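Shown next: upload-v6.cif, given as mmCIF, C-alpha atoms and all ligand atoms.
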data_model
#
loop_
_atom_site.label_atom_id
_atom_site.label_comp_id
_atom_site.auth_asym_id
_atom_site.auth_seq_id
_atom_site.Cartn_x
_atom_site.Cartn_y
_atom_site.Cartn_z
CA MET A 1390 20.63 5.49 -8.77
CA ASN A 1391 22.51 3.19 -11.21
CA LEU A 1392 25.70 3.70 -9.20
CA LEU A 1393 23.95 2.91 -5.94
CA LEU A 1394 22.50 -0.29 -7.43
CA LYS A 1395 25.92 -1.32 -8.74
CA LYS A 1396 27.42 -0.82 -5.30
CA ILE A 1397 24.61 -2.79 -3.64
CA ILE A 1398 25.02 -5.70 -6.11
CA ALA A 1399 28.79 -5.80 -5.41
CA GLU A 1400 28.36 -5.61 -1.64
CA THR A 1401 25.64 -8.27 -1.45
CA LYS A 1402 27.30 -10.75 -3.86
CA LYS A 1403 28.67 -12.79 -0.97
CA TYR A 1404 25.15 -13.81 0.06
CA THR A 1405 24.71 -15.81 -3.17
CA LYS A 1406 26.86 -18.45 -1.44
CA GLU A 1407 24.36 -18.95 1.39
CA GLY A 1408 21.26 -21.15 1.30
CA ASN A 1409 20.19 -23.54 -1.45
CA VAL A 1410 18.66 -23.41 -4.92
CA ALA A 1411 15.19 -25.09 -4.99
CA THR A 1412 15.41 -28.65 -6.28
CA TYR A 1413 11.92 -30.00 -5.54
CA ILE A 1414 11.09 -28.92 -9.08
CA PRO A 1415 14.14 -30.68 -10.65
CA GLU A 1416 14.51 -28.22 -13.52
CA LEU A 1417 14.87 -25.29 -11.06
CA GLY A 1418 17.91 -27.04 -9.58
CA ARG A 1419 19.80 -26.14 -12.77
CA MET A 1420 19.75 -22.42 -11.98
CA ASP A 1421 23.12 -20.75 -11.44
CA ARG A 1422 23.32 -19.72 -7.77
CA ASN A 1423 25.97 -17.09 -8.52
CA ILE A 1424 23.72 -14.69 -10.38
CA SER A 1425 22.20 -11.60 -8.78
CA GLY A 1426 20.48 -8.61 -10.31
CA VAL A 1427 18.11 -5.72 -9.70
CA SER A 1428 15.91 -3.44 -11.80
CA ILE A 1429 13.85 -0.45 -10.73
CA VAL A 1430 11.15 1.28 -12.79
CA ASP A 1431 9.77 4.56 -11.45
CA MET A 1432 6.45 6.26 -12.17
CA ASN A 1433 8.00 8.21 -15.07
CA ASN A 1434 9.22 5.01 -16.75
CA ASN A 1435 12.87 5.60 -15.86
CA ILE A 1436 14.68 2.25 -15.61
CA TYR A 1437 17.67 1.70 -13.33
CA SER A 1438 19.48 -1.62 -13.12
CA ALA A 1439 22.61 -3.51 -12.11
CA GLY A 1440 23.89 -7.08 -12.17
CA ASP A 1441 22.39 -9.99 -14.11
CA THR A 1442 19.27 -8.30 -15.40
CA ASP A 1443 19.23 -10.17 -18.74
CA VAL A 1444 18.98 -13.61 -17.15
CA LYS A 1445 15.59 -15.26 -17.61
CA PHE A 1446 13.99 -17.30 -14.85
CA THR A 1447 10.48 -18.61 -14.19
CA ILE A 1448 8.05 -16.38 -12.36
CA GLN A 1449 6.79 -19.12 -9.97
CA SER A 1450 4.84 -17.74 -6.99
CA MET A 1451 5.38 -14.16 -8.15
CA SER A 1452 2.58 -15.00 -10.60
CA LYS A 1453 0.07 -15.33 -7.75
CA PRO A 1454 -0.92 -11.65 -7.23
CA ILE A 1455 -1.11 -11.16 -11.00
CA ALA A 1456 -3.40 -14.15 -11.57
CA LEU A 1457 -5.47 -12.82 -8.66
CA LEU A 1458 -5.99 -9.53 -10.51
CA LEU A 1459 -7.32 -11.33 -13.58
CA ALA A 1460 -9.60 -13.54 -11.44
CA LEU A 1461 -10.94 -10.39 -9.72
CA MET A 1462 -11.58 -8.75 -13.08
CA ASP A 1463 -13.41 -11.91 -14.23
CA ASN A 1464 -15.46 -12.56 -11.08
CA GLY A 1465 -15.41 -9.45 -8.89
CA GLU A 1466 -14.74 -9.80 -5.17
CA LYS A 1467 -16.75 -13.01 -4.91
CA VAL A 1468 -13.31 -14.58 -5.51
CA PHE A 1469 -13.03 -14.15 -1.74
CA ASP A 1470 -15.94 -16.56 -1.19
CA LYS A 1471 -13.46 -19.25 -2.22
CA VAL A 1472 -10.17 -17.92 -0.85
CA GLY A 1473 -9.49 -15.89 2.29
CA LYS A 1474 -7.43 -12.75 3.02
CA GLU A 1475 -5.50 -13.77 6.12
CA PRO A 1476 -1.85 -14.79 6.53
CA SER A 1477 -1.60 -18.52 7.25
CA GLY A 1478 1.70 -18.76 9.12
CA ASP A 1479 2.30 -22.03 7.24
CA SER A 1480 4.65 -22.86 4.39
CA PHE A 1481 3.52 -22.05 0.86
CA ASN A 1482 2.65 -25.63 -0.09
CA SER A 1483 1.02 -26.67 3.15
CA LEU A 1484 -1.92 -29.07 3.17
CA LYS A 1485 -2.13 -29.11 6.96
CA ARG A 1486 -4.73 -26.41 7.55
CA LEU A 1487 -6.89 -27.46 4.66
CA ALA A 1488 -7.00 -30.98 5.98
CA THR A 1489 -7.69 -30.00 9.58
CA HIS A 1490 -10.24 -27.29 8.75
CA ASN A 1491 -11.87 -29.65 6.26
CA THR A 1492 -14.24 -27.59 4.10
CA GLU A 1493 -12.79 -24.18 4.93
CA ILE A 1494 -11.39 -22.11 2.10
CA PRO A 1495 -7.59 -21.60 1.67
CA PHE A 1496 -6.17 -18.84 3.85
CA ASN A 1497 -5.13 -16.44 1.08
CA PRO A 1498 -4.26 -16.27 -2.66
CA MET A 1499 -0.48 -16.24 -1.99
CA VAL A 1500 -0.24 -19.84 -0.72
CA ASN A 1501 -0.43 -22.62 -3.30
CA ALA A 1502 -3.91 -23.78 -2.26
CA GLY A 1503 -5.33 -20.27 -2.67
CA ALA A 1504 -3.46 -19.68 -5.91
CA ILE A 1505 -4.72 -22.93 -7.47
CA VAL A 1506 -8.31 -21.86 -6.60
CA VAL A 1507 -7.67 -18.40 -8.10
CA THR A 1508 -6.35 -19.88 -11.36
CA SER A 1509 -9.38 -22.19 -11.54
CA MET A 1510 -11.63 -19.09 -11.49
CA ILE A 1511 -10.05 -17.43 -14.54
CA LYS A 1512 -12.58 -17.51 -17.36
CA GLY A 1513 -12.33 -19.07 -20.83
CA ASN A 1514 -14.02 -21.75 -22.93
CA SER A 1515 -11.12 -24.20 -22.79
CA LYS A 1516 -7.96 -24.62 -20.76
CA GLU A 1517 -6.01 -23.23 -23.74
CA GLU A 1518 -8.18 -20.12 -23.96
CA LYS A 1519 -7.90 -19.60 -20.19
CA PHE A 1520 -4.12 -19.86 -20.36
CA ASN A 1521 -3.91 -17.49 -23.31
CA ARG A 1522 -5.85 -14.95 -21.30
CA ILE A 1523 -3.40 -15.40 -18.41
CA LEU A 1524 -0.34 -15.01 -20.66
CA ASN A 1525 -1.77 -11.96 -22.43
CA PHE A 1526 -2.57 -10.32 -19.12
CA PHE A 1527 0.96 -10.97 -17.84
CA LYS A 1528 2.32 -9.41 -21.06
CA LYS A 1529 0.33 -6.26 -20.35
CA MET A 1530 1.36 -6.06 -16.71
CA THR A 1531 5.06 -6.53 -17.55
CA GLU A 1532 4.88 -4.29 -20.66
CA ASN A 1533 6.60 -7.17 -22.49
CA SER A 1534 4.81 -8.77 -25.44
CA ASP A 1535 7.54 -11.43 -25.79
CA LEU A 1536 6.82 -13.34 -22.57
CA SER A 1537 6.62 -17.10 -23.00
CA VAL A 1538 6.51 -20.35 -21.03
CA ASN A 1539 9.65 -22.31 -20.21
CA MET A 1540 8.42 -25.74 -21.32
CA ASP A 1541 11.21 -27.64 -19.51
CA VAL A 1542 10.19 -26.12 -16.17
CA PHE A 1543 6.51 -26.64 -16.97
CA ASN A 1544 7.08 -30.35 -17.76
CA SER A 1545 9.20 -30.70 -14.64
CA GLU A 1546 6.36 -29.27 -12.50
CA LEU A 1547 3.80 -31.46 -14.27
CA LYS A 1548 5.86 -34.55 -13.50
CA THR A 1549 6.69 -33.78 -9.89
CA GLY A 1550 3.76 -31.65 -8.67
CA ASP A 1551 2.16 -34.34 -6.50
CA LYS A 1552 1.79 -32.08 -3.47
CA ASN A 1553 -0.02 -29.48 -5.57
CA ARG A 1554 -2.18 -32.22 -7.08
CA SER A 1555 -3.16 -33.41 -3.59
CA ILE A 1556 -4.09 -29.82 -2.71
CA GLY A 1557 -6.08 -29.49 -5.95
CA TYR A 1558 -8.02 -32.73 -5.49
CA PHE A 1559 -8.76 -31.87 -1.88
CA LEU A 1560 -10.18 -28.51 -2.95
CA LYS A 1561 -12.20 -30.15 -5.72
CA GLU A 1562 -13.64 -32.73 -3.33
CA ASN A 1563 -14.80 -29.85 -1.11
CA ASN A 1564 -16.32 -27.93 -4.06
CA ILE A 1565 -13.95 -25.02 -3.63
CA ILE A 1566 -12.59 -25.73 -7.09
CA GLU A 1567 -15.60 -26.02 -9.39
CA GLU A 1568 -13.75 -26.32 -12.69
CA ASP A 1569 -11.84 -29.35 -14.03
CA VAL A 1570 -9.11 -29.91 -11.45
CA ASN A 1571 -6.49 -31.25 -13.88
CA ASP A 1572 -6.96 -28.30 -16.23
CA SER A 1573 -6.72 -25.90 -13.29
CA LEU A 1574 -3.52 -27.53 -12.03
CA GLU A 1575 -2.01 -27.55 -15.50
CA ASN A 1576 -2.73 -23.86 -15.98
CA TYR A 1577 -1.34 -23.11 -12.51
CA PHE A 1578 1.91 -24.96 -13.35
CA LYS A 1579 2.09 -23.17 -16.69
CA GLN A 1580 1.49 -19.76 -15.12
CA CYS A 1581 4.36 -20.48 -12.68
CA SER A 1582 6.58 -21.41 -15.66
CA ILE A 1583 6.29 -18.07 -17.49
CA GLU A 1584 9.81 -16.72 -17.98
CA VAL A 1585 10.74 -13.20 -16.87
CA THR A 1586 13.76 -11.00 -16.18
CA CYS A 1587 14.31 -8.58 -13.28
CA THR A 1588 13.14 -5.80 -15.57
CA ASP A 1589 9.83 -7.59 -16.30
CA LEU A 1590 9.36 -7.90 -12.53
CA ALA A 1591 10.14 -4.23 -12.00
CA TYR A 1592 7.42 -3.33 -14.53
CA LEU A 1593 4.93 -5.62 -12.74
CA GLY A 1594 5.72 -3.73 -9.56
CA ALA A 1595 5.58 -0.35 -11.28
CA THR A 1596 2.12 -1.01 -12.76
CA LEU A 1597 0.84 -1.97 -9.32
CA ALA A 1598 2.64 0.93 -7.64
CA ASN A 1599 1.02 3.24 -10.21
CA ASP A 1600 -2.46 2.16 -9.08
CA GLY A 1601 -2.92 -0.34 -11.93
CA VAL A 1602 -2.03 2.14 -14.69
CA SER A 1603 0.74 1.52 -17.26
CA VAL A 1604 3.75 3.78 -16.65
CA ILE A 1605 4.45 3.67 -20.39
CA THR A 1606 1.07 4.32 -22.01
CA ASN A 1607 -0.94 5.68 -19.05
CA GLU A 1608 -3.60 3.11 -19.93
CA ARG A 1609 -5.50 1.67 -16.95
CA ILE A 1610 -4.82 -2.08 -16.90
CA VAL A 1611 -6.61 -3.01 -13.66
CA PRO A 1612 -9.15 -1.18 -11.50
CA SER A 1613 -7.63 0.82 -8.65
CA ARG A 1614 -9.43 -1.24 -5.98
CA TYR A 1615 -7.92 -4.49 -7.31
CA ALA A 1616 -4.42 -3.01 -7.46
CA THR A 1617 -4.87 -2.05 -3.79
CA ILE A 1618 -6.02 -5.57 -2.90
CA ALA A 1619 -2.98 -7.13 -4.65
CA LYS A 1620 -0.53 -4.81 -2.85
CA ALA A 1621 -2.18 -5.38 0.53
CA LEU A 1622 -2.08 -9.18 0.16
CA MET A 1623 1.52 -9.04 -1.06
CA PHE A 1624 2.34 -7.04 2.04
CA THR A 1625 0.65 -9.38 4.53
CA CYS A 1626 1.21 -12.74 2.81
CA GLY A 1627 3.72 -12.27 -0.04
CA MET A 1628 6.88 -13.61 1.60
CA TYR A 1629 5.32 -16.88 2.77
CA ASP A 1630 5.63 -17.55 6.49
CA ASP A 1631 8.28 -14.83 6.81
CA SER A 1632 5.91 -12.03 5.75
CA GLY A 1633 5.73 -10.52 9.24
CA LYS A 1634 9.50 -10.42 9.63
CA PHE A 1635 9.91 -8.96 6.12
CA ALA A 1636 7.32 -6.25 6.88
CA LEU A 1637 9.32 -5.28 9.93
CA GLU A 1638 12.79 -5.44 8.38
CA VAL A 1639 12.03 -4.13 4.87
CA GLY A 1640 8.47 -2.83 4.90
CA ILE A 1641 7.29 -2.79 1.26
CA PRO A 1642 4.63 -4.92 -0.52
CA SER A 1643 6.57 -7.77 -2.15
CA LYS A 1644 6.10 -11.23 -3.59
CA SER A 1645 8.76 -13.91 -3.83
CA GLY A 1646 9.03 -17.10 -5.88
CA VAL A 1647 11.08 -20.29 -5.52
CA SER A 1648 13.11 -19.39 -8.61
CA GLY A 1649 14.76 -16.76 -6.37
CA GLY A 1650 13.00 -13.69 -7.75
CA VAL A 1651 11.16 -11.08 -5.68
CA PHE A 1652 9.14 -8.15 -6.96
CA SER A 1653 8.01 -5.14 -4.95
CA ALA A 1654 5.49 -2.37 -5.53
CA ILE A 1655 6.13 0.82 -3.53
CA PRO A 1656 2.92 2.84 -3.88
CA ASN A 1657 3.30 5.93 -6.11
CA LYS A 1658 7.08 5.52 -6.23
CA MET A 1659 8.48 2.51 -8.04
CA GLY A 1660 8.50 -1.17 -8.89
CA ILE A 1661 11.56 -3.28 -8.05
CA GLY A 1662 12.57 -6.70 -9.41
CA VAL A 1663 15.45 -8.75 -7.97
CA ILE A 1664 16.93 -12.19 -8.66
CA GLY A 1665 19.22 -14.49 -6.69
CA PRO A 1666 18.35 -18.21 -6.96
CA SER A 1667 19.64 -19.38 -3.59
CA LEU A 1668 16.86 -19.54 -0.98
CA ASP A 1669 16.49 -19.45 2.79
CA LYS A 1670 14.50 -22.09 4.69
CA LYS A 1671 11.19 -20.33 3.99
CA GLY A 1672 11.82 -20.32 0.22
CA ASN A 1673 12.79 -16.64 -0.17
CA SER A 1674 15.87 -15.40 -2.08
CA ILE A 1675 18.64 -14.62 0.42
CA VAL A 1676 20.53 -12.14 -1.77
CA GLY A 1677 17.24 -10.76 -3.15
CA ILE A 1678 16.08 -9.76 0.34
CA LYS A 1679 19.50 -8.23 1.10
CA ILE A 1680 19.35 -6.14 -2.09
CA LEU A 1681 15.81 -4.94 -1.33
CA SER A 1682 16.65 -4.13 2.23
CA GLU A 1683 19.73 -2.08 1.18
CA ILE A 1684 17.72 -0.07 -1.37
CA VAL A 1685 14.96 0.56 1.15
CA SER A 1686 17.32 1.73 3.87
CA GLU A 1687 19.48 3.90 1.53
CA LYS A 1688 16.39 5.60 0.04
CA LYS A 1689 14.18 5.48 3.17
CA LEU A 1690 11.43 3.63 1.35
CA SER A 1691 9.85 1.54 4.12
CA LEU A 1692 6.14 2.33 4.37
CA PHE A 1693 6.74 2.77 8.09
CA SER A 1694 9.85 4.93 8.21
N1 LIG B 1 5.30 -23.68 -8.89
C1 LIG B 1 5.71 -23.65 -7.52
C2 LIG B 1 4.87 -24.62 -6.72
O1 LIG B 1 3.71 -24.64 -6.89
C3 LIG B 1 5.56 -22.26 -6.98
C4 LIG B 1 5.91 -22.20 -5.52
C5 LIG B 1 6.65 -20.97 -5.12
O2 LIG B 1 7.23 -20.21 -5.89
N2 LIG B 1 6.68 -20.82 -3.82
O3 LIG B 1 5.37 -25.38 -5.91
#

Spell out the structure here as structure tokens.
Ligand code: GLN
Amino acid sequence: MNLLLKKIIAETKKYTKEGNVATYIPELGRMDRNISGVSIVDMNNNIYSAGDTDVKFTIQSMSKPIALLLALMDNGEKVFDKVGKEPSGDSFNSLKRLATHNTEIPFNPMVNAGAIVVTSMIKGNSKEEKFNRILNFFKKMTENSDLSVNMDVFNSELKTGDKNRSIGYFLKENNIIEEDVNDSLENYFKQCSIEVTCTDLAYLGATLANDGVSVITNERIVPSRYATIAKALMFTCGMYDDSGKFALEVGIPSKSGVSGGVFSAIPNKMGIGVIGPSLDKKGNSIVGIKILSEIVSEKKLSLFS
């Protein structure tokens, strides 16, 4: 497997030249577009990797299914009274549907509006306590107790997150966010600024692929039902408004982020983490998708093949 991954990284390197690194969060614009890497963790905790797997980057939207798990554990499925389960067909930071549907809830937890609602529902007595619960939960899911927040990216999001603030205030005005909106936005920005490597992402995927159970300790981290929900929503909504195309071309539950990472959870088989900062028009990593699609076709991993 290591040899195959090495070959795939070499063959897909050329795609790092296509597309653009995200700059709407200025600090993300500093990422090196030339990096690419992949890690795989299987159900027996074997790790396979190739390329730039030591590089740290912020988790961004890949945090959304993980925060959803914690919100589900805190509130049960009444989370879905405040956020839907359907693909939106709109870009990840769209305000359009919220504004035209007025008091309707966000389409799903994988678009920004839904994710901000989800983060607002995570329990704690203060914004600090809520965030500590988020960070500790991410540490468990990644099997990495050293995770921390990249403060430069966090401050950059705080300064420039006006679109997300508009979404947050809109949701607050319509009583979909019931908590303090500024605290909720701050914790959402902070959750997006947690730094990870490809290997951390592969462990996230592996824990989900293993039905919510740690592949290292065999401890159950999340209830089976919630792990299923996260994988299903990643599958239908995880690649923004290209989720349908990705399902067809690649066919595994995955979640991307604007830092250029993608993580996948292939049920009962493996977790995969990839990085390649340069993005297509929908905000997905160009080289990341190529790497995933090569692995899936070489190993016949599509859920539909
Ligand atoms: N923090 C980013 C934002 O809210 C996350 C978006 C993403 O990765 N698509 O804009």

Give me the residues within 10 Å of Gly1594 of chain A as a PDB file with C-alpha atoms, in the coordinates of the input, counting only C-alpha atoms and dropping any in the same chain fewer than 6 places off.
ATOM      1  CA  ILE A1429      13.850  -0.450 -10.730  1.00  0.00           C
ATOM      2  CA  VAL A1430      11.150   1.280 -12.790  1.00  0.00           C
ATOM      3  CA  ASP A1431       9.770   4.560 -11.450  1.00  0.00           C
ATOM      4  CA  MET A1530       1.360  -6.060 -16.710  1.00  0.00           C
ATOM      5  CA  THR A1531       5.060  -6.530 -17.550  1.00  0.00           C
ATOM      6  CA  THR A1588      13.140  -5.800 -15.570  1.00  0.00           C
ATOM      7  CA  GLY A1601      -2.920  -0.340 -11.930  1.00  0.00           C
ATOM      8  CA  LYS A1620      -0.530  -4.810  -2.850  1.00  0.00           C
ATOM      9  CA  PRO A1642       4.630  -4.920  -0.520  1.00  0.00           C
ATOM     10  CA  SER A1643       6.570  -7.770  -2.150  1.00  0.00           C
ATOM     11  CA  LYS A1644       6.100 -11.230  -3.590  1.00  0.00           C
ATOM     12  CA  VAL A1651      11.160 -11.080  -5.680  1.00  0.00           C
ATOM     13  CA  PHE A1652       9.140  -8.150  -6.960  1.00  0.00           C
ATOM     14  CA  SER A1653       8.010  -5.140  -4.950  1.00  0.00           C
ATOM     15  CA  ALA A1654       5.490  -2.370  -5.530  1.00  0.00           C
ATOM     16  CA  ILE A1655       6.130   0.820  -3.530  1.00  0.00           C
ATOM     17  CA  PRO A1656       2.920   2.840  -3.880  1.00  0.00           C
ATOM     18  CA  LYS A1658       7.080   5.520  -6.230  1.00  0.00           C
ATOM     19  CA  MET A1659       8.480   2.510  -8.040  1.00  0.00           C
ATOM     20  CA  GLY A1660       8.500  -1.170  -8.890  1.00  0.00           C
ATOM     21  CA  ILE A1661      11.560  -3.280  -8.050  1.00  0.00           C
ATOM     22  CA  GLY A1662      12.570  -6.700  -9.410  1.00  0.00           C
TER      23      GLY A1662
END

Find the residues around Leu1487 of chain A up to 10 Å (only C-alpha atoms counted), leave out those fewer than 4 positions away in its own chain, and share them as a VMD selection string. chain A and resid 1483 1491 to 1496 1502 1556 1559 to 1560

Once 8 Å is added on each side, what centre and edge lengths in Å to one decimal does the axis-aligned box around all listed atoms of ligand LIG 1 (chain B) have, as lines of an AutoDock Vina configuration file?
center_x = 5.5
center_y = -22.8
center_z = -6.4
size_x = 19.5
size_y = 21.2
size_z = 21.1

Expected answer as a list of chain:residue names: residues within 8 Å of ligand LIG 1 (chain B), all atoms listed in the file: A:Ile1414, A:Ile1448, A:Gln1449, A:Ser1450, A:Met1451, A:Phe1481, A:Asn1482, A:Val1500, A:Asn1501, A:Glu1546, A:Gly1550, A:Lys1552, A:Asn1553, A:Tyr1577, A:Phe1578, A:Cys1581, A:Ser1582, A:Tyr1629, A:Ser1645, A:Gly1646, A:Val1647, A:Ser1648, A:Gly1672

What is the atom CA of Thr1442 of chain A to atom CA of Ile1397 of chain A distance in Å?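 Spanning atom CA of Thr1442 of chain A to atom CA of Ile1397 of chain A is a straight-line distance of 14.0 Å.
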
Choose the residue, out of A:Ile1675, A:Ser1613, A:Val1585, A:Ser1480, that has the smallest atom-to-atom separation from Asp1631 of chain A; count only C-alpha atoms.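 Checking each candidate against Asp1631 of chain A, we get A:Ser1480 as the closest.
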
If you count only C-alpha atoms, which residues fall within 8 Å of segment 1635-1640 of chain A, apart from same-chain ones fewer than 2 positions away, as a short mmCIF file (atom, residue, chain, number, x, y, z; two decimals) with C-alpha atoms, in the frame of the given file?
data_model
loop_
_atom_site.label_atom_id
_atom_site.label_comp_id
_atom_site.auth_asym_id
_atom_site.auth_seq_id
_atom_site.Cartn_x
_atom_site.Cartn_y
_atom_site.Cartn_z
CA PHE A 1624 2.34 -7.04 2.04
CA THR A 1625 0.65 -9.38 4.53
CA MET A 1628 6.88 -13.61 1.60
CA ASP A 1631 8.28 -14.83 6.81
CA SER A 1632 5.91 -12.03 5.75
CA GLY A 1633 5.73 -10.52 9.24
CA PRO A 1642 4.63 -4.92 -0.52
CA LEU A 1681 15.81 -4.94 -1.33
CA SER A 1682 16.65 -4.13 2.23
CA VAL A 1685 14.96 0.56 1.15
CA SER A 1686 17.32 1.73 3.87
CA LEU A 1690 11.43 3.63 1.35
CA SER A 1691 9.85 1.54 4.12
CA LEU A 1692 6.14 2.33 4.37
CA PHE A 1693 6.74 2.77 8.09
#

Correct to one decimal, the distance atom CA of Ser1515 of chain A-atom CA of Asp1572 of chain A is 8.8 Å

From A:Lys1561, A:Lys1528, A:Lys1471, A:Lys1519, residue lying nearest Lys1579 of chain A [all atoms listed in the file]: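 Of the candidates, the smallest distance to Lys1579 of chain A is held by A:Lys1519.
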
Non-local contacts of segment 1390-1396 of chain A (8 Å; all atoms listed in the file; under 5 positions in same chain excluded) as a list in words: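 Those residues are Val1427, Tyr1437, Ser1438, Ala1439, Gly1440 and Ile1684 of chain A.
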
In Å, how far is it from atom CA of Gly1557 of chain A to atom CA of Asn1571 of chain A?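 These two atoms are separated by 8.1 Å.
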
Hey, what's within 12 Å of Thr1606 of chain A if we count all atoms listed in the file and toss same-chain stuff fewer than 4 positions away? As a VMD selection string, please? chain A and resid 1432 to 1434 1529 to 1530 1532 1596 1599 1601 to 1602 1610

Counting all atoms listed in the file, which residue out of A:Met1510, A:Asn1657, A:Gly1418, A:Asp1600 sits closest to Arg1614 of chain A?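 Checking each of A:Met1510, A:Asn1657, A:Gly1418, A:Asp1600 against Arg1614 of chain A, counting all atoms listed in the file, the winner is A:Asp1600.
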
Counting all atoms listed in the file, which residue out of A:Ile1436, A:Leu1622, A:Ser1425, A:Asn1576 sits closest to Gly1473 of chain A?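 Looking at the shortest contact to Gly1473 of chain A, the residue is A:Leu1622.
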
Using all atoms listed in the file, pick whichever of A:Thr1617, A:Val1506, A:Ser1452, A:Val1604 has the shortest atom-to-atom distance to Asn1564 of chain A.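 When distances to Asn1564 of chain A are compared using all atoms listed in the file, the smallest one comes from A:Val1506.
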